[in-house]
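Quick look at start_0.txt (compact mmCIF, C-alpha atoms):
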# COMPACT_ATOMS: atom_id res chain seq x y z
CA MET O 1 0.00 0.00 0.00
CA ALA O 2 1.42 3.43 -0.99
CA ASN O 3 2.19 5.90 1.76
CA PRO O 4 -0.09 8.98 1.76
CA LYS O 5 1.41 12.30 0.79
CA ILE O 6 1.92 14.64 3.71
CA ASN O 7 1.05 18.26 2.93
CA ILE O 8 4.29 20.17 2.35
CA SER O 9 2.79 23.20 0.63
CA SER O 10 3.09 25.20 3.87
CA LEU O 11 6.08 24.86 6.14
CA THR O 12 5.15 26.96 9.15
CA PHE O 13 5.46 25.22 12.51
CA ASP O 14 1.70 24.99 13.08
CA ASP O 15 1.02 23.69 9.57
CA ILE O 16 3.73 21.05 9.85
CA LYS O 17 2.39 19.83 13.19
CA THR O 18 -1.22 19.83 11.91
CA SER O 19 -0.16 17.80 8.87
CA LEU O 20 1.61 15.22 11.05
CA LYS O 21 -1.38 14.92 13.40
CA ALA O 22 -3.79 14.47 10.47
CA TYR O 23 -1.64 11.65 9.15
CA LEU O 24 -1.35 9.86 12.52
CA ASN O 25 -5.08 10.31 13.23
CA ASN O 26 -6.09 8.50 10.06
CA PRO O 27 -7.63 5.22 11.40
CA THR O 28 -7.18 3.43 8.09
CA LEU O 29 -3.50 4.18 7.74
CA ASN O 30 -2.55 4.13 11.43
CA PRO O 31 -5.01 1.98 13.38
CA GLN O 32 -2.46 1.62 16.19
CA PHE O 33 -3.00 5.29 17.15
CA VAL O 34 -6.82 5.17 17.30
CA GLY O 35 -8.01 6.84 20.52
CA TYR O 36 -4.73 8.66 21.24
CA ASN O 37 -4.93 12.23 22.50
CA PHE O 38 -2.21 13.96 20.50
CA ASP O 39 -2.68 17.26 22.34
CA GLY O 40 -2.48 15.93 25.87
CA SER O 41 0.05 13.11 25.84
CA ALA O 42 3.76 12.57 25.40
CA LEU O 43 3.09 12.30 21.66
CA ASN O 44 2.42 16.04 21.66
CA THR O 45 6.01 16.69 22.78
CA LEU O 46 7.33 14.32 20.11
CA LEU O 47 5.26 16.08 17.46
CA ASP O 48 6.72 19.41 18.61
CA ILE O 49 10.23 18.02 18.21
CA PHE O 50 9.49 16.59 14.75
CA SER O 51 7.83 19.85 13.66
CA TYR O 52 10.71 22.01 14.88
CA ASN O 53 13.23 19.72 13.22
CA THR O 54 11.32 19.86 9.93
CA LEU O 55 10.94 23.64 10.18
CA PHE O 56 14.64 24.21 10.86
CA TYR O 57 15.73 21.88 8.07
CA SER O 58 13.34 23.48 5.55
CA PHE O 59 14.62 26.94 6.51
CA TYR O 60 18.23 25.74 6.22
CA SER O 61 17.58 24.19 2.80
CA ASN O 62 15.85 27.35 1.63
CA MET O 63 18.78 29.50 2.78
CA ILE O 64 21.28 27.25 0.99
CA ALA O 65 19.27 27.60 -2.23
CA ASN O 66 18.96 31.37 -1.83
CA GLU O 67 22.66 31.88 -1.13
CA THR O 68 23.54 29.97 -4.30
CA PHE O 69 22.16 32.71 -6.58
CA LEU O 70 23.20 36.36 -6.68
CA SER O 71 19.65 37.71 -6.97
CA THR O 72 18.51 36.04 -3.71
CA ALA O 73 21.75 35.95 -1.69
CA SER O 74 21.74 38.02 1.49
CA LEU O 75 24.99 37.06 3.26
CA GLU O 76 28.00 39.22 2.45
CA SER O 77 30.26 36.15 2.24
CA SER O 78 27.96 34.59 -0.37
CA ILE O 79 27.79 37.75 -2.47
CA VAL O 80 31.59 38.18 -2.31
CA SER O 81 31.98 34.65 -3.68
CA LEU O 82 29.26 34.94 -6.33
CA VAL O 83 30.57 38.14 -7.92
CA LYS O 84 34.17 36.94 -8.17
CA PRO O 85 33.54 35.14 -11.52
CA LEU O 86 32.09 38.44 -12.77
CA GLY O 87 35.38 40.22 -12.11
CA TYR O 88 33.84 42.39 -9.38
CA LEU O 89 35.64 43.08 -6.11
CA VAL O 90 33.36 43.85 -3.16
CA PRO O 91 34.89 46.75 -1.19
CA GLY O 92 35.12 47.08 2.57
CA LYS O 93 34.51 50.32 4.45
CA SER O 94 34.61 53.55 2.48
CA SER O 95 36.20 56.82 3.53
CA ALA O 96 34.23 60.04 3.45
CA LYS O 97 35.71 62.30 0.79
CA ILE O 98 35.99 66.09 0.81
CA GLN O 99 36.87 68.29 -2.15
CA LEU O 100 38.76 71.43 -1.15
CA ASN O 101 40.16 74.51 -2.76
CA VAL O 102 43.25 75.55 -0.79
CA SER O 103 46.03 78.14 -0.84
CA PRO O 104 49.34 78.19 1.03
CA ALA O 105 49.42 80.27 4.20
CA SER O 106 52.89 81.33 3.06
CA GLY O 107 55.34 80.29 0.37
CA SER O 108 54.73 76.85 -1.10
CA VAL O 109 53.35 73.89 0.82
CA THR O 110 53.70 70.19 0.00
CA VAL O 111 50.82 67.94 0.99
CA ASN O 112 52.36 64.56 1.75
CA PRO O 113 50.27 61.44 1.15
CA TYR O 114 48.99 59.63 4.24
CA SER O 115 50.79 62.02 6.60
CA THR O 116 49.66 65.65 6.14
CA VAL O 117 46.68 65.97 8.47
CA PHE O 118 43.49 67.94 7.87
CA THR O 119 41.00 68.24 10.72
CA GLY O 120 37.28 68.27 9.94
CA PHE O 121 34.51 69.18 12.35
CA SER O 122 30.96 67.85 12.15
CA PRO O 123 27.96 70.10 12.94
CA SER O 124 27.83 68.45 16.39
CA GLY O 125 31.47 69.37 17.08
CA ALA O 126 33.02 65.92 16.61
CA SER O 127 36.43 65.98 14.95
CA TYR O 128 37.69 63.70 12.18
CA LEU O 129 41.09 63.43 10.51
CA PHE O 130 41.51 63.59 6.74
CA TYR O 131 44.47 62.78 4.49
CA SER O 132 45.45 63.04 0.85
CA THR O 133 46.50 59.85 -0.92
CA GLU O 134 48.66 61.76 -3.41
CA GLU O 135 51.54 64.20 -3.06
CA VAL O 136 50.35 67.68 -4.04
CA SER O 137 52.42 70.87 -4.25
CA VAL O 138 50.37 73.94 -3.33
CA ALA O 139 51.85 77.24 -4.52
CA SER O 140 48.56 78.99 -5.35
CA GLU O 141 44.87 78.10 -5.35
CA THR O 142 44.70 74.32 -5.80
CA ASP O 143 41.88 71.78 -5.82
CA LEU O 144 42.52 68.90 -3.47
CA SER O 145 40.68 65.71 -2.48
CA ILE O 146 41.12 64.35 1.03
CA TYR O 147 39.82 61.18 2.70
CA GLU O 148 38.78 60.53 6.29
CA ALA O 149 40.58 57.90 8.36
CA LYS O 150 40.56 56.89 11.99
CA SER O 151 43.70 54.84 11.36
CA VAL O 152 46.49 55.26 8.78
CA VAL O 153 48.99 52.73 7.48
CA ASN O 154 51.83 54.57 5.75
CA ASN O 155 54.64 52.76 3.91
CA LEU O 156 54.32 49.60 5.96
CA GLU O 157 56.85 47.00 4.80
CA VAL O 158 55.14 43.65 4.28
CA THR O 159 56.48 40.16 3.73
CA VAL O 160 55.45 38.53 0.47
CA ASP O 161 54.95 34.78 0.28
CA ILE O 162 57.36 34.24 -2.62
CA THR O 163 55.86 30.85 -3.50
CA GLU O 164 52.27 32.07 -3.59
CA GLN O 165 53.19 35.64 -4.60
CA LYS O 166 50.67 37.16 -2.21
CA VAL O 167 50.30 39.36 0.88
CA PHE O 168 47.30 39.24 3.21
CA LEU O 169 45.76 42.39 4.68
CA GLY O 170 43.76 40.95 7.55
CA ASN O 171 41.14 43.69 7.75
CA THR O 172 37.95 44.07 5.72
CA ASN O 173 37.65 47.70 6.89
CA VAL O 174 40.43 48.80 4.52
CA ASP O 175 39.27 51.37 1.97
CA ILE O 176 40.73 49.76 -1.14
CA ASN O 177 40.31 53.03 -3.09
CA THR O 178 43.04 54.52 -0.88
CA LEU O 179 45.46 51.59 -1.23
CA THR O 180 48.94 52.28 -2.60
CA VAL O 181 51.33 49.39 -3.25
CA LYS O 182 55.01 50.13 -3.85
CA VAL O 183 57.77 47.74 -4.86
CA ASN O 184 61.28 49.09 -4.26
CA ASP O 185 59.67 52.52 -3.70
CA VAL O 186 57.90 52.49 -7.10
CA ALA O 187 54.10 52.59 -7.08
CA TRP O 188 52.42 49.71 -8.93
CA THR O 189 48.90 49.85 -10.35
CA LYS O 190 45.94 47.61 -9.58
CA TYR O 191 45.18 45.27 -12.46
CA ASN O 192 41.87 45.77 -14.21
CA THR O 193 40.24 42.41 -14.88
CA PHE O 194 39.23 43.47 -18.40
CA GLN O 195 42.51 44.97 -19.59
CA SER O 196 44.94 43.18 -21.85
CA ASN O 197 47.79 41.05 -20.60
CA PRO O 198 50.39 43.43 -19.10
CA GLY O 199 53.15 40.91 -19.81
CA SER O 200 55.67 39.35 -17.47
CA GLU O 201 57.28 42.74 -16.71
CA GLY O 202 54.06 44.66 -16.05
CA THR O 203 54.13 46.49 -12.70
CA VAL O 204 50.62 45.49 -11.67
CA TYR O 205 49.05 43.71 -8.73
CA PHE O 206 45.74 41.95 -8.19
CA LEU O 207 43.28 42.29 -5.33
CA ASP O 208 41.13 39.47 -3.98
CA ARG O 209 38.77 39.46 -1.02
CA THR O 210 38.01 36.81 1.57
CA SER O 211 35.80 36.86 4.65
CA GLY O 212 38.78 38.02 6.73
CA GLY O 213 40.44 40.64 4.56
CA PHE O 214 42.12 41.34 1.22
CA TYR O 215 44.92 39.57 -0.65
CA ILE O 216 47.44 41.53 -2.71
CA ILE O 217 48.62 39.14 -5.41
CA PHE O 218 51.54 39.51 -7.82
CA GLY O 219 52.58 37.82 -11.06
CA LYS O 220 49.66 35.47 -11.77
CA LYS O 221 50.58 32.69 -14.18
CA THR O 222 48.63 32.52 -17.43
CA ILE O 223 46.24 29.69 -18.15
CA ASN O 224 47.72 28.55 -21.45
CA ASP O 225 51.43 29.14 -20.91
CA TYR O 226 52.81 28.47 -17.48
CA GLN O 227 56.13 30.01 -18.41
CA THR O 228 54.70 33.53 -18.57
CA THR O 229 52.81 35.64 -16.06
CA PHE O 230 50.26 38.43 -15.81
CA GLY O 231 52.56 41.02 -14.31
CA LYS O 232 55.97 40.92 -12.72
CA THR O 233 56.72 38.57 -9.84
CA ILE O 234 58.27 39.59 -6.52
CA GLY O 235 61.79 38.39 -5.80
CA GLU O 236 63.55 37.67 -2.52
CA THR O 237 65.33 41.04 -2.46
CA ASP O 238 62.34 43.18 -3.45
CA VAL O 239 60.92 45.48 -0.76
CA VAL O 240 57.12 45.77 -0.83
CA THR O 241 55.33 48.50 1.14
CA VAL O 242 51.64 49.31 1.46
CA SER O 243 49.75 52.44 2.47
CA TYR O 244 46.02 52.66 3.09
CA LEU O 245 43.33 54.25 5.22
CA ILE O 246 40.93 52.60 7.65
CA PRO O 247 37.91 54.94 7.80
CA SER O 248 35.29 55.67 10.42
CA GLY O 249 32.56 55.10 7.84
CA ALA O 250 29.27 56.93 7.49
CA GLY O 251 29.82 58.98 10.66
CA ALA O 252 32.28 61.24 8.79
CA ASN O 253 29.75 62.38 6.17
CA ASN O 254 28.37 65.96 5.95
CA ILE O 255 31.51 67.64 7.28
CA ASN O 256 32.20 71.04 5.72
CA SER O 257 34.56 72.71 8.22
CA VAL O 258 38.21 71.77 7.58
CA THR O 259 41.44 73.25 8.90
CA ASN O 260 45.16 72.78 8.31
CA THR O 261 47.97 74.75 9.98
CA ASN O 262 49.86 75.45 6.73
CA LEU O 263 46.99 75.92 4.30
CA VAL O 264 44.09 78.34 3.89
CA VAL O 265 40.89 76.51 2.96
CA ASN O 266 39.07 78.71 0.44
CA SER O 267 36.06 76.49 -0.20
CA THR O 268 34.74 73.12 0.88
CA ILE O 269 32.22 70.70 -0.55
CA PRO O 270 30.69 68.70 2.36
CA SER O 271 32.11 65.22 2.83
CA VAL O 272 30.19 62.31 1.32
CA GLY O 273 30.80 58.70 0.44
CA GLY O 274 31.60 57.36 3.88
CA ALA O 275 30.10 53.91 4.35
CA ASP O 276 30.28 51.29 7.09
CA GLY O 277 30.51 48.52 4.53
CA ALA O 278 29.59 47.61 0.98
CA ASP O 279 26.01 48.30 -0.10
CA LEU O 280 25.13 44.71 -1.01
CA ASP O 281 22.05 45.73 -3.01
CA LEU O 282 24.22 47.97 -5.20
CA VAL O 283 26.78 45.18 -5.58
CA LYS O 284 24.07 42.77 -6.74
CA PHE O 285 22.73 45.41 -9.15
CA PHE O 286 25.97 46.62 -10.72
CA ALA O 287 28.19 43.50 -10.77
CA PRO O 288 26.29 41.78 -13.64
CA LYS O 289 26.22 45.07 -15.58
CA MET O 290 29.97 45.50 -15.24
CA PHE O 291 30.50 41.93 -16.43
CA ALA O 292 28.10 42.31 -19.38
CA ALA O 293 29.80 45.52 -20.51
CA ASN O 294 33.36 44.19 -20.08
CA ASP O 295 34.21 47.51 -18.44
CA ARG O 296 33.10 49.38 -21.56
CA ALA O 297 30.24 51.87 -21.83
CA VAL O 298 27.87 51.04 -24.67
CA THR O 299 24.34 51.11 -23.26
CA ARG O 300 22.85 53.51 -20.73
CA ASP O 301 23.17 50.91 -17.96
CA ASP O 302 26.86 50.52 -18.86
CA TYR O 303 27.44 54.21 -18.09
CA TYR O 304 25.75 53.87 -14.71
CA GLY O 305 27.84 50.78 -14.00
CA VAL O 306 31.26 52.24 -14.87
CA LEU O 307 30.50 55.50 -13.04
CA PHE O 308 29.50 53.86 -9.78
CA ASN O 309 32.36 51.37 -9.96
CA SER O 310 34.87 54.21 -10.19
CA ASP O 311 36.20 56.95 -7.95
CA VAL O 312 35.52 59.83 -10.35
CA LEU O 313 31.99 60.82 -9.35
CA PRO O 314 31.66 64.21 -7.63
CA THR O 315 31.42 63.79 -3.88
CA SER O 316 27.84 65.11 -3.83
CA ILE O 317 26.64 62.26 -6.06
CA THR O 318 26.06 59.05 -4.13
CA THR O 319 22.96 57.35 -5.58
CA GLN O 320 21.83 56.31 -9.07
CA ASP O 321 18.79 58.60 -9.07
CA GLN O 322 21.19 61.56 -8.84
CA VAL O 323 22.58 60.64 -12.28
CA ASN O 324 20.85 60.95 -15.64
CA VAL O 325 22.26 59.47 -18.86
CA TRP O 326 20.70 59.66 -22.31
CA GLY O 327 21.83 59.18 -25.89
CA GLY O 328 22.15 61.91 -28.49
CA GLU O 329 19.36 60.35 -30.53
CA GLU O 330 16.97 61.17 -27.66
CA ALA O 331 17.86 64.87 -27.73
CA ASP O 332 15.80 67.49 -29.57
CA PRO O 333 17.23 68.15 -32.06
CA PRO O 334 19.12 64.81 -32.24
CA ALA O 335 22.88 64.93 -31.63
CA TYR O 336 24.22 61.68 -32.99
CA GLY O 337 27.60 60.52 -31.72
CA ARG O 338 27.01 62.03 -28.29
CA VAL O 339 26.00 60.64 -24.92
CA PHE O 340 24.83 63.17 -22.36
CA VAL O 341 25.40 62.94 -18.61
CA SER O 342 23.91 65.13 -15.91
CA PHE O 343 24.24 65.14 -12.12
CA ALA O 344 21.62 66.41 -9.68
CA ASP O 345 23.83 69.19 -8.34
CA GLU O 346 23.28 72.65 -9.83
CA THR O 347 26.64 73.88 -8.46
CA LEU O 348 28.46 71.68 -11.00
CA ASP O 349 29.22 72.79 -14.57
CA LYS O 350 31.53 71.80 -17.42
CA THR O 351 34.43 73.76 -15.93
CA THR O 352 34.27 72.05 -12.52
CA PRO O 353 37.44 69.90 -12.10
CA SER O 354 35.45 66.86 -10.90
CA ILE O 355 33.22 67.07 -14.00
CA GLN O 356 36.20 67.38 -16.32
CA LYS O 357 37.81 64.38 -14.63
CA CYS O 358 34.58 62.42 -14.94
CA MET O 359 34.16 63.18 -18.67
CA GLU O 360 37.79 62.26 -19.38
CA PHE O 361 37.22 58.97 -17.60
CA LEU O 362 34.06 58.24 -19.63
CA LYS O 363 35.96 58.92 -22.86
CA THR O 364 38.24 55.99 -22.02
CA LYS O 365 35.20 53.75 -21.54
CA SER O 366 33.01 54.89 -24.47
CA VAL O 367 33.16 53.38 -27.94
CA VAL O 368 35.35 55.31 -30.39
CA THR O 369 32.54 57.11 -32.23
CA VAL O 370 30.68 58.32 -29.11
CA ILE O 371 31.75 61.39 -27.13
CA PRO O 372 30.40 61.95 -23.60
CA GLU O 373 29.22 65.46 -22.78
CA TYR O 374 28.06 67.01 -19.50
CA VAL O 375 24.77 68.88 -19.33
CA GLU O 376 23.96 71.11 -16.38
CA PRO O 377 20.73 70.08 -14.62
CA GLN O 378 17.63 72.24 -14.67
CA LEU O 379 16.15 72.84 -11.24
CA ILE O 380 12.35 72.68 -11.20
CA THR O 381 10.63 74.21 -8.19
CA VAL O 382 7.13 73.07 -7.28
CA ASN O 383 4.94 75.12 -4.95
CA LEU O 384 2.34 73.11 -3.03
CA ASN O 385 -0.91 74.34 -1.57
CA ILE O 386 -2.15 71.81 0.97
CA LEU O 387 -5.46 72.13 2.81
CA LEU O 388 -5.28 70.58 6.28
CA THR O 389 -8.36 69.78 8.28
CA ASN O 390 -8.36 69.83 12.10
CA ALA O 391 -4.74 71.08 12.23
CA ARG O 392 -3.70 73.31 15.09
CA THR O 393 -1.55 76.37 14.40
CA THR O 394 1.36 74.84 16.32
CA GLN O 395 1.28 71.79 14.02
CA LEU O 396 1.57 73.68 10.73
CA ILE O 397 5.32 74.40 10.85
CA PRO O 398 6.29 70.82 11.92
CA ILE O 399 4.12 69.39 9.12
CA GLN O 400 5.71 71.76 6.61
CA ASN O 401 9.19 70.79 7.80
CA THR O 402 8.33 67.08 7.52
CA ILE O 403 7.29 67.50 3.88
CA ASN O 404 10.35 69.65 3.10
CA ASP O 405 12.70 67.09 4.63
CA PHE O 406 11.13 64.30 2.56
CA TYR O 407 11.34 66.09 -0.81
CA ASN O 408 14.15 68.64 -0.47
CA THR O 409 16.91 66.78 1.40
CA THR O 410 18.48 65.26 -1.75
CA LYS O 411 17.82 66.50 -5.27
CA THR O 412 17.13 63.67 -7.73
CA PHE O 413 16.06 63.17 -11.32
CA ASN O 414 12.66 61.86 -12.41
CA ASP O 415 11.15 62.49 -8.98
CA SER O 416 7.43 63.05 -8.51
CA ILE O 417 5.14 64.44 -5.85
CA ASN O 418 2.53 61.99 -4.64
CA MET O 419 -0.31 63.14 -2.43
CA GLY O 420 -0.51 59.64 -0.96
CA ASP O 421 3.10 60.02 0.23
CA ILE O 422 2.29 63.39 1.79
CA ILE O 423 -0.72 61.94 3.62
CA ASP O 424 1.47 59.08 4.89
CA LEU O 425 4.11 61.56 6.08
CA ILE O 426 1.49 63.47 8.07
CA SER O 427 0.12 60.23 9.53
CA LEU O 428 3.61 58.96 10.43
CA GLY O 429 4.32 62.32 12.03
CA LEU O 430 1.68 61.43 14.64
CA TYR O 431 -0.48 64.49 14.14
CA PRO O 432 -3.83 63.39 15.64
CA ASN O 433 -7.02 64.15 13.70
CA VAL O 434 -5.17 66.01 10.90
CA THR O 435 -6.41 65.07 7.44
Reformat the file's structure so that it appears as structure tokens.
Amino acid sequence: MANPKINISSLTFDDIKTSLKAYLNNPTLNPQFVGYNFDGSALNTLLDIFSYNTLFYSFYSNMIANETFLSTASLESSIVSLVKPLGYLVPGKSSAKIQLNVSPASGSVTVNPYSTVFTGFSPSGASYLFYSTEEVSVASETDLSIYEAKSVVNNLEVTVDITEQKVFLGNTNVDINTLTVKVNDVAWTKYNTFQSNPGSEGTVYFLDRTSGGFYIIFGKKTINDYQTTFGKTIGETDVVTVSYLIPSGAGANNINSVTNTNLVVNSTIPSVGGADGADLDLVKFFAPKMFAANDRAVTRDDYYGVLFNSDVLPTSITTQDQVNVWGGEEADPPAYGRVFVSFADETLDKTTPSIQKCMEFLKTKSVVTVIPEYVEPQLITVNLNILLTNARTTQLIPIQNTINDFYNTTKTFNDSINMGDIIDLISLGLYPNVT
């Protein structure tokens, strides 16, 4: 006689236990249990154990299945592993970045990488330390980018495993965008997964991530010819040093007061970009796009992907809805052979150094016949007239501030005003009887 099918369409604890009890209570299939009280005997405890065991195993199996695919994975370790075949490196913490315009207090001043200190103060009075990752000579007004760090590693000599050609940085909080690797006091460049073979004498290094930190890898052997390598290998007498920043994370954002004893700070763009870890949703979104484009910008999504996987975006631009990209064929009149880019920051124009740097970067990623061009955004102001019923005079200003904070905190493209959202904001603001 065939065994009956137990209902497995629902795997909550109660449903599992109910399904087991229905099976055991069937007098035809289980006559030995006729007359048993499953709710008031030791069998009830056994059914609880079986139900919990089934529930835990089903949850475990479901998690294993979910963590196997990038679209459903939720654990950072799983996502790090899944995007490796796509040539995408998941970063660790990110330093808040400030763009400055500075002048020397007197004479000429040299800003030394990882050692010249800038002090930034948050609106609450907390202080943070910022550093440049490049040597900059300041003899007149100069634009400068600095990065926040609570800890600095500067020219630390590391021991390379000559056999494996690798060095382990045992800290996932390293901001890899601030990493400098030198061999015999010469800076090497990080290898781009999509670039051509640099040859056996190429001064490049690779980065790989594990759950415990980052590996710096040198001279990887090629697949087809084990006598050659991607990049130069490290010898016994070579001296390898590393410099990098370990940031505080998101706490260092929105700082616009910066001082330095030898420099006059003429202007400051508030710090942005500090993060306590990788945004896993963004990683899952952009990693397949970077792989599909092979680090080239062809489609609109490609431009979004290469921009957000780079360090050239202006510091005020942190999310995709602050960027707008469209092809020349969409313009009126059409401008074929052009791709237009705009950022939701009206203080930026074509002469802004960060915009010029960004456009030069996009030229290296665009196809030969397409030229990227920056278009200044148009700011549209909407005036709202809202009729509130049962609102007290003392509630009007707080309600107005709530709506302003929701719509005016960050300027974005393709935004819309929804009365349902406004009603929800008023309700969530706990204003009794206001409609």
**Prompt:** Taking only C-alpha atoms into account, which of O:Ser257, O:Ser366, O:Thr237, O:Thr347 comes nearest O:Ser127?
**Reply:** O:Ser257
**Message:** Here is a test: counting only C-alpha atoms, which residue of O:Val204, O:Leu75, O:Val272, O:Val158 is nearest to O:Ser95?
**Reply:**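 The shortest atom-to-atom distance to O:Ser95 comes from O:Val272.
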**Request:** Quote the spacing between atom CA of O:Phe286 and atom CA of O:Tyr88 in Å to one decimal place.
**Result:**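 Going from atom CA of O:Phe286 over to atom CA of O:Tyr88 covers 9.0 Å.
Nearest residue to O:Leu263 among O:Gln32, O:Leu144, O:Tyr57, O:Tyr407 is O:Leu144, counting all atoms listed in the file.
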**Asked** What's the 7 Å shell around O:Ile255, counting only C-alpha atoms, without same-chain residues fewer than 3 positions away, as a list in words?
**Response**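 Selected residues are Gly120, Phe121, Ser122, Ala252, Pro270 and Ser271 of chain O.
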What would the file look like if the residues just selected were written as a compact mmCIF listing (two decimals), in the frame of the given file with C-alpha atoms?
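Resulting contents of part_33.txt:
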# COMPACT_ATOMS: atom_id res chain seq x y z
CA GLY O 120 37.28 68.27 9.94
CA PHE O 121 34.51 69.18 12.35
CA SER O 122 30.96 67.85 12.15
CA ALA O 252 32.28 61.24 8.79
CA PRO O 270 30.69 68.70 2.36
CA SER O 271 32.11 65.22 2.83
**Item:** Residue among O:Met359, O:Ile317, O:Met63, O:Val240 lying closest to O:Glu346, counting only C-alpha atoms
**Value:**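 Going through O:Met359, O:Ile317, O:Met63, O:Val240 one by one, the smallest distance to O:Glu346 is for O:Ile317.
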**Request:** Could you tell me which of O:Gly219, O:Thr315, O:Val368, O:Gln322 comes closest to O:Ile355 if we count all atoms listed in the file?
**Result:**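 Ranking O:Gly219, O:Thr315, O:Val368, O:Gln322 by distance to O:Ile355, first place goes to O:Thr315.
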**Prompt:** atom CA of O:Gly92 and atom CA of O:Tyr303, how far apart in Å?
**Reply:** 23.2 Å
**Message:** For a quick check of understanding, using only C-alpha atoms, which of O:Asn25, O:Thr352, O:Thr299, O:Thr319 has the smallest distance to O:Val367?
**Reply:**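 Closest to O:Val367, using only C-alpha atoms: O:Thr299.
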Box centre and edge lengths (Å, one decimal), axis-aligned, stretch 49-62 of chain O plus 6 Å each side, as JSON:
{"center_x": 13.0, "center_y": 22.0, "center_z": 9.9, "size_x": 22.4, "size_y": 22.8, "size_z": 28.6}
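We find atom CA of O:Pro314 and atom CA of O:Ala275 to be spaced 15.9 Å apart.
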Polymer residues at most 9 Å from (39.8, 61.2, -0.4) by all atoms listed in the file, as a PDB file with C-alpha atoms, keeping the file's coordinate frame:
ATOM      1  CA  SER O  95      36.200  56.820   3.530  1.00  0.00           C
ATOM      2  CA  ALA O  96      34.230  60.040   3.450  1.00  0.00           C
ATOM      3  CA  LYS O  97      35.710  62.300   0.790  1.00  0.00           C
ATOM      4  CA  ILE O  98      35.990  66.090   0.810  1.00  0.00           C
ATOM      5  CA  GLN O  99      36.870  68.290  -2.150  1.00  0.00           C
ATOM      6  CA  PHE O 130      41.510  63.590   6.740  1.00  0.00           C
ATOM      7  CA  TYR O 131      44.470  62.780   4.490  1.00  0.00           C
ATOM      8  CA  SER O 132      45.450  63.040   0.850  1.00  0.00           C
ATOM      9  CA  THR O 133      46.500  59.850  -0.920  1.00  0.00           C
ATOM     10  CA  LEU O 144      42.520  68.900  -3.470  1.00  0.00           C
ATOM     11  CA  SER O 145      40.680  65.710  -2.480  1.00  0.00           C
ATOM     12  CA  ILE O 146      41.120  64.350   1.030  1.00  0.00           C
ATOM     13  CA  TYR O 147      39.820  61.180   2.700  1.00  0.00           C
ATOM     14  CA  GLU O 148      38.780  60.530   6.290  1.00  0.00           C
ATOM     15  CA  ASN O 177      40.310  53.030  -3.090  1.00  0.00           C
ATOM     16  CA  THR O 178      43.040  54.520  -0.880  1.00  0.00           C
TER      17      THR O 178
END
Which protein, DNA or RNA residues are at most 7 Å from (50.6, 66.0, 1.3) in the file's coordinates when you count all atoms listed in the file, listed as a CSV table (one decimal) with C-alpha atoms, in the frame of the given file?
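selection_6.csv, freshly written:
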chain,number,residue,atom,x,y,z
O,110,THR,CA,53.7,70.2,0.0
O,111,VAL,CA,50.8,67.9,1.0
O,112,ASN,CA,52.4,64.6,1.8
O,113,PRO,CA,50.3,61.4,1.2
O,115,SER,CA,50.8,62.0,6.6
O,116,THR,CA,49.7,65.6,6.1
O,132,SER,CA,45.4,63.0,0.8
O,134,GLU,CA,48.7,61.8,-3.4
O,135,GLU,CA,51.5,64.2,-3.1
O,136,VAL,CA,50.4,67.7,-4.0
